[in-house]
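See structure below.
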Amino acid sequence: QVQLVEAGGGFVQAGGSMRLSCVASGSTRSSNVMGWFRQAPGKEREFVAATRRTGGGTVYSDSVKGRFTISRDNAKNTLYLQMNSLEPEDTAVYYCAADCCLIVSSFRRWSEYDYWGQGTQVTVSS
């Protein structure tokens, strides 16, 4: 079992930056793969980025590549999402997700993840 708690959301102006964090507690094996997804009102949940601790592999969605950076501090069991050059289109609830055993080609599929955080709201004003 893994518990995920996100933090760091809030309001920011377009062009600004924000960093999200996600602390994982419980089985470290079950959080080998960790990722970020987001969901805007009236839209489907969207993949943002994911990374794997053992075996490597980091994937970004095209919409955030070059602006967002995913990283993890394994000693603290914490996942981060550094978001730069934020746009109003980035406004959404951001969710942290974890799974033990995904292959890289499955990182983008939200239904493959076993564990989810409660989400944190990010609002980017124009």
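By order of appearance in the structure tokens: chains A, B, ..., then residues from 1 within every chain, and ligands from 1 in the order shown.
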Under the rule of at most 7 Å, produce a per-residue listing of region 34-74 of chain A near region 81-94 of chain A: chain, number, name, the closest pair of atoms, and the distance in Å, as CSV, using only C-alpha atoms.
```
residue,atom,partner,partner_atom,distance
A:Trp36,CA,A:Tyr94,CA,6.8
A:Phe37,CA,A:Tyr94,CA,5.7
A:Arg38,CA,A:Tyr94,CA,4.2
A:Gln39,CA,A:Ala92,CA,5.2
A:Ala40,CA,A:Ala92,CA,4.2
A:Arg67,CA,A:Asn84,CA,5.2
A:Phe68,CA,A:Met83,CA,4.5
A:Thr69,CA,A:Gln82,CA,5.0
A:Ile70,CA,A:Leu81,CA,4.6
A:Ser71,CA,A:Leu81,CA,6.6
```
Selection above as a file: all heavy atoms, as a PDB file, in the first residue's frame:
```pdb
ATOM      1  N   TRP A  36       2.665  12.375 -12.671  1.00  0.00           N
ATOM      2  CA  TRP A  36       1.709  13.464 -12.490  1.00  0.00           C
ATOM      3  C   TRP A  36       0.677  13.429 -13.619  1.00  0.00           C
ATOM      4  O   TRP A  36       1.035  13.265 -14.794  1.00  0.00           O
ATOM      5  CB  TRP A  36       2.413  14.812 -12.505  1.00  0.00           C
ATOM      6  CG  TRP A  36       3.309  15.059 -11.345  1.00  0.00           C
ATOM      7  CD1 TRP A  36       4.668  14.908 -11.295  1.00  0.00           C
ATOM      8  CD2 TRP A  36       2.917  15.520 -10.049  1.00  0.00           C
ATOM      9  NE1 TRP A  36       5.138  15.222 -10.053  1.00  0.00           N
ATOM     10  CE2 TRP A  36       4.088  15.613  -9.264  1.00  0.00           C
ATOM     11  CE3 TRP A  36       1.691  15.865  -9.471  1.00  0.00           C
ATOM     12  CZ2 TRP A  36       4.070  16.037  -7.931  1.00  0.00           C
ATOM     13  CZ3 TRP A  36       1.667  16.286  -8.156  1.00  0.00           C
ATOM     14  CH2 TRP A  36       2.846  16.369  -7.399  1.00  0.00           C
ATOM     15  N   PHE A  37      -0.546  13.609 -13.217  1.00  0.00           N
ATOM     16  CA  PHE A  37      -1.647  13.765 -14.151  1.00  0.00           C
ATOM     17  C   PHE A  37      -2.396  15.038 -13.772  1.00  0.00           C
ATOM     18  O   PHE A  37      -2.224  15.559 -12.670  1.00  0.00           O
ATOM     19  CB  PHE A  37      -2.598  12.567 -14.085  1.00  0.00           C
ATOM     20  CG  PHE A  37      -2.027  11.303 -14.665  1.00  0.00           C
ATOM     21  CD1 PHE A  37      -1.112  10.553 -13.958  1.00  0.00           C
ATOM     22  CD2 PHE A  37      -2.407  10.874 -15.924  1.00  0.00           C
ATOM     23  CE1 PHE A  37      -0.566   9.381 -14.498  1.00  0.00           C
ATOM     24  CE2 PHE A  37      -1.880   9.715 -16.473  1.00  0.00           C
ATOM     25  CZ  PHE A  37      -0.957   8.961 -15.758  1.00  0.00           C
ATOM     26  N   ARG A  38      -3.221  15.525 -14.674  1.00  0.00           N
ATOM     27  CA  ARG A  38      -4.026  16.699 -14.359  1.00  0.00           C
ATOM     28  C   ARG A  38      -5.396  16.572 -14.999  1.00  0.00           C
ATOM     29  O   ARG A  38      -5.571  15.868 -15.996  1.00  0.00           O
ATOM     30  CB  ARG A  38      -3.329  17.981 -14.825  1.00  0.00           C
ATOM     31  CG  ARG A  38      -3.172  18.112 -16.329  1.00  0.00           C
ATOM     32  CD  ARG A  38      -2.318  19.326 -16.659  1.00  0.00           C
ATOM     33  NE  ARG A  38      -2.185  19.521 -18.106  1.00  0.00           N
ATOM     34  CZ  ARG A  38      -1.416  20.452 -18.661  1.00  0.00           C
ATOM     35  NH1 ARG A  38      -0.689  21.269 -17.893  1.00  0.00           N
ATOM     36  NH2 ARG A  38      -1.375  20.574 -19.977  1.00  0.00           N
ATOM     37  N   GLN A  39      -6.339  17.271 -14.403  1.00  0.00           N
ATOM     38  CA  GLN A  39      -7.695  17.250 -14.923  1.00  0.00           C
ATOM     39  C   GLN A  39      -8.317  18.618 -14.776  1.00  0.00           C
ATOM     40  O   GLN A  39      -8.441  19.136 -13.661  1.00  0.00           O
ATOM     41  CB  GLN A  39      -8.540  16.197 -14.208  1.00  0.00           C
ATOM     42  CG  GLN A  39      -9.895  15.960 -14.845  1.00  0.00           C
ATOM     43  CD  GLN A  39     -10.551  14.680 -14.357  1.00  0.00           C
ATOM     44  OE1 GLN A  39     -10.184  14.133 -13.317  1.00  0.00           O
ATOM     45  NE2 GLN A  39     -11.519  14.185 -15.110  1.00  0.00           N
ATOM     46  N   ALA A  40      -8.687  19.195 -15.890  1.00  0.00           N
ATOM     47  CA  ALA A  40      -9.371  20.474 -15.908  1.00  0.00           C
ATOM     48  C   ALA A  40     -10.885  20.229 -15.920  1.00  0.00           C
ATOM     49  O   ALA A  40     -11.337  19.158 -16.339  1.00  0.00           O
ATOM     50  CB  ALA A  40      -8.959  21.272 -17.139  1.00  0.00           C
ATOM     51  N   ARG A  67       8.956  22.781 -20.538  1.00  0.00           N
ATOM     52  CA  ARG A  67       8.496  23.749 -19.533  1.00  0.00           C
ATOM     53  C   ARG A  67       8.451  23.130 -18.135  1.00  0.00           C
ATOM     54  O   ARG A  67       8.719  23.817 -17.150  1.00  0.00           O
ATOM     55  CB  ARG A  67       7.100  24.261 -19.889  1.00  0.00           C
ATOM     56  CG  ARG A  67       7.014  24.970 -21.217  1.00  0.00           C
ATOM     57  CD  ARG A  67       5.638  25.622 -21.408  1.00  0.00           C
ATOM     58  NE  ARG A  67       4.558  24.646 -21.405  1.00  0.00           N
ATOM     59  CZ  ARG A  67       3.516  24.701 -20.579  1.00  0.00           C
ATOM     60  NH1 ARG A  67       3.420  25.668 -19.674  1.00  0.00           N
ATOM     61  NH2 ARG A  67       2.561  23.792 -20.654  1.00  0.00           N
ATOM     62  N   PHE A  68       8.092  21.868 -18.059  1.00  0.00           N
ATOM     63  CA  PHE A  68       7.971  21.179 -16.777  1.00  0.00           C
ATOM     64  C   PHE A  68       9.121  20.181 -16.613  1.00  0.00           C
ATOM     65  O   PHE A  68       9.589  19.593 -17.595  1.00  0.00           O
ATOM     66  CB  PHE A  68       6.656  20.396 -16.699  1.00  0.00           C
ATOM     67  CG  PHE A  68       5.409  21.230 -16.633  1.00  0.00           C
ATOM     68  CD1 PHE A  68       5.429  22.607 -16.845  1.00  0.00           C
ATOM     69  CD2 PHE A  68       4.191  20.633 -16.362  1.00  0.00           C
ATOM     70  CE1 PHE A  68       4.272  23.368 -16.790  1.00  0.00           C
ATOM     71  CE2 PHE A  68       3.022  21.369 -16.296  1.00  0.00           C
ATOM     72  CZ  PHE A  68       3.073  22.744 -16.517  1.00  0.00           C
ATOM     73  N   THR A  69       9.519  19.980 -15.360  1.00  0.00           N
ATOM     74  CA  THR A  69      10.542  18.989 -15.050  1.00  0.00           C
ATOM     75  C   THR A  69      10.077  18.120 -13.892  1.00  0.00           C
ATOM     76  O   THR A  69       9.733  18.648 -12.827  1.00  0.00           O
ATOM     77  CB  THR A  69      11.868  19.657 -14.681  1.00  0.00           C
ATOM     78  OG1 THR A  69      12.308  20.492 -15.762  1.00  0.00           O
ATOM     79  CG2 THR A  69      12.937  18.608 -14.401  1.00  0.00           C
ATOM     80  N   ILE A  70      10.084  16.819 -14.095  1.00  0.00           N
ATOM     81  CA  ILE A  70       9.755  15.877 -13.030  1.00  0.00           C
ATOM     82  C   ILE A  70      11.041  15.362 -12.409  1.00  0.00           C
ATOM     83  O   ILE A  70      12.029  15.128 -13.109  1.00  0.00           O
ATOM     84  CB  ILE A  70       8.885  14.712 -13.570  1.00  0.00           C
ATOM     85  CG1 ILE A  70       8.341  13.854 -12.424  1.00  0.00           C
ATOM     86  CG2 ILE A  70       9.652  13.859 -14.582  1.00  0.00           C
ATOM     87  CD1 ILE A  70       7.317  12.821 -12.875  1.00  0.00           C
ATOM     88  N   SER A  71      11.039  15.223 -11.103  1.00  0.00           N
ATOM     89  CA  SER A  71      12.212  14.700 -10.409  1.00  0.00           C
ATOM     90  C   SER A  71      11.749  14.014  -9.138  1.00  0.00           C
ATOM     91  O   SER A  71      10.603  14.179  -8.706  1.00  0.00           O
ATOM     92  CB  SER A  71      13.209  15.821 -10.098  1.00  0.00           C
ATOM     93  OG  SER A  71      12.621  16.767  -9.220  1.00  0.00           O
TER      94      SER A  71
END
```
- Query: Could you write out, as a PyMOL selection string, all the residues of chain A that DSSP marks as strand (DSSP E)?
  - Reply: chain A and resi 2-7+10-13+18-26+33-39+46-52+58-60+68-73+78-83+92-99+115-116+120-125
- Can you list, as a VMD selection string, every protein, DNA or RNA residue that comes within 7 Å of region 41-58 of chain A when you count only C-alpha atoms, leaving out same-chain residues fewer than 4 positions away? chain A and resid 32 to 37 64 70 104 107 to 108
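The space between CA of Val122 (chain A) and CA of Gly10 (chain A) spans 5.1 Å.
Closest approach to Asp99 (chain A) among A:Ser63, A:Gln118, A:Ser30, A:Asn74: A:Ser30, based on only C-alpha atoms.
With only C-alpha atoms as the atoms that count, the residue of A:Val59, A:Ile103, A:Ala98, A:Leu20 with the shortest distance to Trp116 (chain A) is A:Ala98.
Taking only C-alpha atoms, the non-local environment of Leu79 (chain A) within 6 Å (same-chain residues fewer than 2 positions away omitted) comprises Ser21, Cys22, Ser71 and Arg72 of chain A.
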Residues from the last selection, C-alpha atoms, saved as a JSON list (two decimals), in the first residue's frame:
```json
[["chain", "number", "residue", "atom", "x", "y", "z"],
["A", 21, "SER", "CA", 5.52, 17.91, -4.39],
["A", 22, "CYS", "CA", 4.15, 14.49, -3.60],
["A", 71, "SER", "CA", 12.21, 14.70, -10.41],
["A", 72, "ARG", "CA", 12.29, 12.57, -7.30]]
```
- Task: Could you please write out, as a VMD selection string, every residue of region 4-109 of chain A that DSSP assigns to helix (DSSP H, G or I)?
- Result: chain A and resid 29 to 31 88 to 90 104 to 106
- Please indicate the distance in Å from CA of Tyr115 (chain A) to CA of Cys96 (chain A), rounded to one decimal place. 8.4 Å
- Query: What is the distance, in Å and to one decimal place, between CA of Gly16 (chain A) and CA of Arg109 (chain A)?
  - Reply: 28.3 Å
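The shortest atom-to-atom distance to Val124 (chain A), with only C-alpha atoms taken into account, belongs to A:Gln13 out of A:Ser111, A:Thr78, A:Gln1, A:Gln13.
Among the candidate residues A:Gln3, A:Ser105, A:Lys76, A:Ala97, the one lying nearest to Ser25 (chain A) is A:Gln3, with distances computed using only C-alpha atoms.
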- Would you kindly return, as a PyMOL selection string, each protein, DNA or RNA residue with an atom no farther than 9 Å from any atom of Thr28 (chain A), considering only C-alpha atoms and excluding same-chain residues fewer than 5 positions away? chain A and resi 2+77+100
Residues from the last selection, C-alpha atoms, saved as a tab-separated table (two decimals), in the first residue's frame:
```tsv
chain	number	residue	atom	x	y	z
A	2	VAL	CA	1.08	3.55	-0.74
A	77	ASN	CA	10.25	9.36	-1.02
A	100	CYS	CA	5.08	-0.74	-8.78
```
